[in-house]
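One structure below.
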Amino acid sequence: MERSTDLIHHPYSPPDGFVAPQPGVFKASTVIFPSVAAMRTRDWKSKSGYTYGLHGTPTSFVLEARIAALEGGLQCVLVPSGLAAIANVAFALLKSGDEVLIPDNAYGPNKALAEGELAAFGITHQYYDPMSVADLAARINGRTKLVWLEAAGSVTMEFPDLIEQVRLCKARGVISALDNTWGAGLAFNAFDLDGQGTGVDISAHALTKYPSGGGDVLMGSVTTRNEALHLKIKLTHMRLGLGVGANDVEAILRALPSIGLRYRAQDQAGRALALWCVDQPQFAQVLHPALEGSPGNAYWQQVCGAADKADTGASAGLFSVMVDQRYSSQQVDKFCDSLKLFKLGFSWGGPISLVMPYEVEQMRGTRPAHLTAGTLVRFSVGLENVADLRSDLTQALTSALPG
């Protein structure tokens, strides 16, 4: 056999039995079958064998199992981003004539998807008040096939009455899907919110955030406990050709063992800085679910505040402030630009603290009454020393927002 052919078809295989802390990284588009019979009998849907790289490798199967365990679910599919997870759910469950309900404080691209592609496909949507179960109840109708939930709300950080929202959806026979990126599977069990089995049908998660922890990987997941629902999502996943790279899977597998430590550290740092911000006269309001007086704090206490959550933390390292209305938007921008350790950037959950100003009026249908007047700024706390971050906030306030 010529040497180049021998290099491709060399018969050597390493011995079985190698075990190490991290799973092996298997990359494949093509999967080799031992026989035609094996090829014809393998079923990619059951994960009982391998058929094509897009349907999974040993590496992706391991991450799917671990994310399902983290979320409290039974099945999981991996997708290229958190937004892809939201889209996977929508396209699996909605058709022309159906309607989806979305909280008005939801992740912006979820709303953009509803207003764009879903609307073009004849799927309608409504935005409901996330802090009013009655408003959600009034909007559910015969066309409603999916209700999105979000805890805490994107940017404005309200924590809804999640338990009653889920109970309402179950009573009306409507599928509930939670964007669980903030909770990360650690703040609460989305599939058992009250310890008595009250839980969502679907948990969508941007693994980009806390599971990755490095600010360098884009990935999402969709986790369920119902096999039939999982199959619907998985079939759409296949038909859309959604796949993730093995090296990205490896990066998240390496980061997962430390997620509890990182989540708790960023939780504690975020709370410490949020409490400090309460005392700063430049800030008219501090929005953090664990902060007394913040919108939905009682519901946060109900779902996340149990003492047994202390080992992982019960709140993400995110909070927002309303800069007093006496300061102009240009001054707020200068404040953000003056920060040195807090970098200006989207996303969160990584080692570097981030800051981002937002225009509430551009994000919400109407400005919620529970938000004070002013300009909103969101902080994502990384892994830096809290005293250093506090000093950074102090110098930026002195420079840009004199009290």
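If you're wondering about the labels, chains in the structure tokens are A, B, ... by order shown, residues count from 1 in each chain, ligands from 1 in order shown.
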
Running DSSP on the backbone, which parts of region 128-312 of chain A land in helix (DSSP H, G or I), as a ChimeraX atom specification?
-> /A:133-139,162-172,227-239,246-278,297-304,307-309

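Near region 97-99 of chain A, within 12 Å and counting only C-alpha atoms, sit Ala90, Phe91, Leu93, Leu94, Ile102, Ala114, Glu115, Leu118, Ala119, Ala120, Phe121, Gly122, Ile123, Thr124, His125, Gln126, Tyr127, Arg139, Ile140, Asn141, Gly142, Arg143, Thr144, Lys145, Leu146, Val147, Trp148, Val174 and Ile175 of chain A, not including residues fewer than 3 positions from it in the same chain.
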
Select from region 80-187 of chain A every residue with an atom at most 8 Å from any atom of region 208-212 of chain A, then for each give the shortest pair of atoms and their distance in Å to one decimal, using only C-alpha atoms, rows by chain and rising number, as a tab-separated table.
residue	atom	partner	partner_atom	distance
A:Ser81	CA	A:Thr208	CA	6.9
A:Gly82	CA	A:Thr208	CA	7.1
A:Thr181	CA	A:Lys209	CA	7.2
A:Ala184	CA	A:Tyr210	CA	6.7

DSSP on the backbone, then: every residue of region 138-207 of chain A marked strand (DSSP E), written as a ChimeraX atom specification.
-> /A:144-150,175-179,202-206

Serialized selection, C-alpha atoms, as a PDB file, in the first residue's frame:
ATOM      1  CA  THR A 144     -51.772  31.194  22.283  1.00  0.00           C
ATOM      2  CA  LYS A 145     -49.421  28.234  21.934  1.00  0.00           C
ATOM      3  CA  LEU A 146     -46.326  29.498  23.771  1.00  0.00           C
ATOM      4  CA  VAL A 147     -45.636  31.824  26.680  1.00  0.00           C
ATOM      5  CA  TRP A 148     -42.109  33.075  27.293  1.00  0.00           C
ATOM      6  CA  LEU A 149     -41.047  33.808  30.851  1.00  0.00           C
ATOM      7  CA  GLU A 150     -37.926  35.612  32.006  1.00  0.00           C
ATOM      8  CA  ILE A 175     -46.505  25.602  26.916  1.00  0.00           C
ATOM      9  CA  SER A 176     -44.247  27.767  29.068  1.00  0.00           C
ATOM     10  CA  ALA A 177     -40.633  28.439  28.133  1.00  0.00           C
ATOM     11  CA  LEU A 178     -38.212  30.232  30.438  1.00  0.00           C
ATOM     12  CA  ASP A 179     -35.128  32.157  29.404  1.00  0.00           C
ATOM     13  CA  ILE A 202     -38.809  24.349  28.544  1.00  0.00           C
ATOM     14  CA  SER A 203     -35.662  26.049  29.779  1.00  0.00           C
ATOM     15  CA  ALA A 204     -33.619  27.985  27.228  1.00  0.00           C
ATOM     16  CA  HIS A 205     -30.116  28.982  28.297  1.00  0.00           C
ATOM     17  CA  ALA A 206     -27.386  31.128  26.773  1.00  0.00           C
TER      18      ALA A 206
END

Given only C-alpha atoms as the counted atoms, nearest of A:Ser258, A:Gln282, A:Gln75, A:Thr5 to Met322 (chain A) |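 Between A:Ser258, A:Gln282, A:Gln75, A:Thr5, the residue approaching Met322 (chain A) most closely is A:Gln282.
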
From the set A:Ala87, A:Glu71, A:Thr156, A:Trp276, which residue has the shortest atom-to-atom contact distance to Ala387 (chain A), counting only C-alpha atoms?
->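 Smallest separation from Ala387 (chain A) among the options: A:Trp276.
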
Tell me which protein, DNA and RNA residues are within 8 Å of Ala151 (chain A), counting only C-alpha atoms, leaving out same-chain ones fewer than 2 positions away, and put them as a list in words.
->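 In the requested form, the answer reads Leu149, Gly153, Met157, Glu158, Phe159, Pro160, Leu162, Leu178, Asp179, Asn180, Trp182 and Gly183 of chain A.
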
Contacts of Cys76 (chain A) at 8 Å (only C-alpha atoms; same-chain gap of 4+ positions) as a PyMOL selection string = chain A and resi 64-65+67-68+221-224+230

Selection export as a short mmCIF file (atom, residue, chain, number, x, y, z; two decimals), in the first residue's frame, atoms kept: N, CA and C atoms:
data_model
loop_
_atom_site.label_atom_id
_atom_site.label_comp_id
_atom_site.auth_asym_id
_atom_site.auth_seq_id
_atom_site.Cartn_x
_atom_site.Cartn_y
_atom_site.Cartn_z
N GLU A 64 -24.47 17.88 26.69
CA GLU A 64 -25.94 17.88 26.76
C GLU A 64 -26.42 17.24 28.06
N ALA A 65 -25.80 16.13 28.43
CA ALA A 65 -26.20 15.45 29.66
C ALA A 65 -25.91 16.31 30.88
N ILE A 67 -25.62 19.68 31.01
CA ILE A 67 -26.50 20.84 31.05
C ILE A 67 -27.89 20.42 31.51
N ALA A 68 -28.38 19.28 31.04
CA ALA A 68 -29.68 18.79 31.51
C ALA A 68 -29.67 18.58 33.02
N SER A 221 -28.63 26.34 24.77
CA SER A 221 -29.20 25.02 25.01
C SER A 221 -30.70 25.13 25.20
N VAL A 222 -31.39 24.04 24.91
CA VAL A 222 -32.82 23.93 25.17
C VAL A 222 -33.03 22.63 25.94
N THR A 223 -33.54 22.75 27.15
CA THR A 223 -33.68 21.60 28.05
C THR A 223 -35.16 21.37 28.37
N THR A 224 -35.54 20.10 28.44
CA THR A 224 -36.93 19.72 28.73
C THR A 224 -36.94 18.53 29.66
N HIS A 230 -39.41 17.26 23.75
CA HIS A 230 -38.00 17.23 23.35
C HIS A 230 -37.87 16.79 21.89
#

Which residues are near Phe283 (chain A)? Cut-off 10 Å, only C-alpha atoms, ignore same chain within fewer than 5 positions. Put them as a short mmCIF file (atom, residue, chain, number, x, y, z; two decimals) with C-alpha atoms, in the first residue's frame.
data_model
loop_
_atom_site.label_atom_id
_atom_site.label_comp_id
_atom_site.auth_asym_id
_atom_site.auth_seq_id
_atom_site.Cartn_x
_atom_site.Cartn_y
_atom_site.Cartn_z
CA CYS A 277 -24.77 52.23 44.89
CA VAL A 278 -27.89 52.68 47.03
CA SER A 320 -28.90 48.23 37.04
CA VAL A 321 -29.09 51.79 38.31
CA MET A 322 -31.28 54.70 37.34
CA VAL A 323 -29.01 57.73 37.13
CA ASP A 324 -30.88 60.72 38.51
CA GLN A 325 -32.77 62.74 35.90
CA GLY A 374 -33.60 58.99 34.81
CA THR A 375 -31.21 57.06 32.56
CA LEU A 376 -30.63 53.35 33.09
CA VAL A 377 -27.13 51.86 33.29
CA LEU A 401 -21.51 62.95 37.65
CA GLY A 403 -22.84 65.14 43.35
#

Expressed in Å to a single decimal, how great is the separation between CA of Pro351 (chain A) and CA of Leu218 (chain A)?
->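 Result for CA of Pro351 (chain A) versus CA of Leu218 (chain A): 15.4 Å, one decimal.
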
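Interatomic distance, CA of Ala373 (chain A) against CA of Pro281 (chain A): 14.0 Å.
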
Spatial neighbours of Gly305 (chain A), 12 Å, only C-alpha atoms, chain gap at least 5 places, as a PDB file with N, CA and C atoms, in the first residue's frame:
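Listing of selection_15.pdb after writing:
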ATOM      1  N   LEU A 186     -28.680  27.490  38.679  1.00  0.00           N
ATOM      2  CA  LEU A 186     -28.123  27.546  40.030  1.00  0.00           C
ATOM      3  C   LEU A 186     -28.997  28.330  41.002  1.00  0.00           C
ATOM      4  N   ALA A 187     -29.619  29.410  40.546  1.00  0.00           N
ATOM      5  CA  ALA A 187     -30.424  30.233  41.442  1.00  0.00           C
ATOM      6  C   ALA A 187     -31.711  29.523  41.843  1.00  0.00           C
ATOM      7  N   PHE A 188     -32.241  28.693  40.945  1.00  0.00           N
ATOM      8  CA  PHE A 188     -33.463  27.935  41.226  1.00  0.00           C
ATOM      9  C   PHE A 188     -33.568  26.810  40.208  1.00  0.00           C
ATOM     10  N   LEU A 193     -40.090  24.786  40.802  1.00  0.00           N
ATOM     11  CA  LEU A 193     -39.904  26.109  41.379  1.00  0.00           C
ATOM     12  C   LEU A 193     -40.294  26.197  42.845  1.00  0.00           C
ATOM     13  N   ASP A 194     -41.263  25.373  43.249  1.00  0.00           N
ATOM     14  CA  ASP A 194     -41.797  25.476  44.606  1.00  0.00           C
ATOM     15  C   ASP A 194     -41.517  24.259  45.468  1.00  0.00           C
ATOM     16  N   PRO A 289     -32.662  42.037  41.971  1.00  0.00           N
ATOM     17  CA  PRO A 289     -33.740  41.223  42.542  1.00  0.00           C
ATOM     18  C   PRO A 289     -33.574  40.896  44.024  1.00  0.00           C
ATOM     19  N   ALA A 290     -32.335  40.758  44.491  1.00  0.00           N
ATOM     20  CA  ALA A 290     -32.106  40.391  45.889  1.00  0.00           C
ATOM     21  C   ALA A 290     -32.124  41.589  46.819  1.00  0.00           C
ATOM     22  N   LEU A 291     -32.297  42.775  46.268  1.00  0.00           N
ATOM     23  CA  LEU A 291     -32.267  44.007  47.053  1.00  0.00           C
ATOM     24  C   LEU A 291     -33.675  44.349  47.510  1.00  0.00           C
ATOM     25  N   GLU A 292     -33.833  44.534  48.803  1.00  0.00           N
ATOM     26  CA  GLU A 292     -35.148  44.877  49.341  1.00  0.00           C
ATOM     27  C   GLU A 292     -35.654  46.157  48.692  1.00  0.00           C
ATOM     28  N   ASN A 297     -38.833  41.703  44.481  1.00  0.00           N
ATOM     29  CA  ASN A 297     -37.956  41.106  45.505  1.00  0.00           C
ATOM     30  C   ASN A 297     -38.666  40.006  46.287  1.00  0.00           C
ATOM     31  N   ALA A 298     -39.958  40.183  46.575  1.00  0.00           N
ATOM     32  CA  ALA A 298     -40.696  39.159  47.321  1.00  0.00           C
ATOM     33  C   ALA A 298     -40.781  37.860  46.533  1.00  0.00           C
ATOM     34  N   TYR A 299     -40.931  37.963  45.210  1.00  0.00           N
ATOM     35  CA  TYR A 299     -40.986  36.756  44.378  1.00  0.00           C
ATOM     36  C   TYR A 299     -39.601  36.112  44.277  1.00  0.00           C
ATOM     37  N   TRP A 300     -38.565  36.950  44.229  1.00  0.00           N
ATOM     38  CA  TRP A 300     -37.201  36.409  44.266  1.00  0.00           C
ATOM     39  C   TRP A 300     -36.974  35.629  45.556  1.00  0.00           C
ATOM     40  N   ALA A 310     -27.242  28.688  49.563  1.00  0.00           N
ATOM     41  CA  ALA A 310     -26.020  29.406  49.913  1.00  0.00           C
ATOM     42  C   ALA A 310     -24.774  28.814  49.274  1.00  0.00           C
ATOM     43  N   THR A 312     -24.346  27.840  46.251  1.00  0.00           N
ATOM     44  CA  THR A 312     -24.155  28.225  44.853  1.00  0.00           C
ATOM     45  C   THR A 312     -24.483  29.684  44.603  1.00  0.00           C
ATOM     46  N   GLY A 313     -25.130  30.321  45.530  1.00  0.00           N
ATOM     47  CA  GLY A 313     -25.602  31.676  45.283  1.00  0.00           C
ATOM     48  C   GLY A 313     -26.970  31.649  44.656  1.00  0.00           C
ATOM     49  N   ALA A 314     -27.743  32.684  44.871  1.00  0.00           N
ATOM     50  CA  ALA A 314     -29.112  32.689  44.404  1.00  0.00           C
ATOM     51  C   ALA A 314     -29.435  33.926  43.571  1.00  0.00           C
ATOM     52  N   SER A 315     -28.414  34.568  43.041  1.00  0.00           N
ATOM     53  CA  SER A 315     -28.661  35.746  42.222  1.00  0.00           C
ATOM     54  C   SER A 315     -27.439  35.994  41.350  1.00  0.00           C
TER      55      SER A 315
END

Could you work out how far CA of Gly72 (chain A) lies from CA of Arg271 (chain A), giving the answer in Å with one decimal?
->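 According to the coordinates, CA of Arg271 (chain A) and CA of Gly72 (chain A) are separated by 25.8 Å.
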
Find the residues near region 133-135 of chain A: any atom within 9 Å, counting only C-alpha atoms, skip ones fewer than 3 places away on the same chain, and give them as a PDB file with C-alpha atoms, in the first residue's frame.
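Result file follows (part_38.pdb):
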ATOM      1  CA  TYR A 128     -47.529  41.295  28.585  1.00  0.00           C
ATOM      2  CA  ASP A 129     -46.725  43.045  31.834  1.00  0.00           C
ATOM      3  CA  PRO A 130     -44.230  40.685  33.529  1.00  0.00           C
ATOM      4  CA  ALA A 138     -56.130  38.328  30.073  1.00  0.00           C
ATOM      5  CA  ARG A 139     -53.911  37.918  27.011  1.00  0.00           C
ATOM      6  CA  ILE A 140     -53.929  34.122  26.777  1.00  0.00           C
ATOM      7  CA  PRO A 160     -41.866  38.085  38.259  1.00  0.00           C
ATOM      8  CA  ASP A 161     -44.289  35.879  40.159  1.00  0.00           C
ATOM      9  CA  GLU A 164     -48.094  31.747  39.502  1.00  0.00           C
ATOM     10  CA  GLN A 165     -47.161  32.428  35.892  1.00  0.00           C
ATOM     11  CA  LEU A 168     -51.519  29.821  34.948  1.00  0.00           C
TER      12      LEU A 168
END

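In terms of minimum interatomic distance to Leu63 (chain A), A:Gly245 ranks closest within A:Gly245, A:Pro103, A:Gly270, A:Gly108, counting only C-alpha atoms.
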
Nearest to Gln285 (chain A): which of A:His370, A:Ile259, A:Gly56, A:Asn385 is it, counting only C-alpha atoms?
-> A:His370
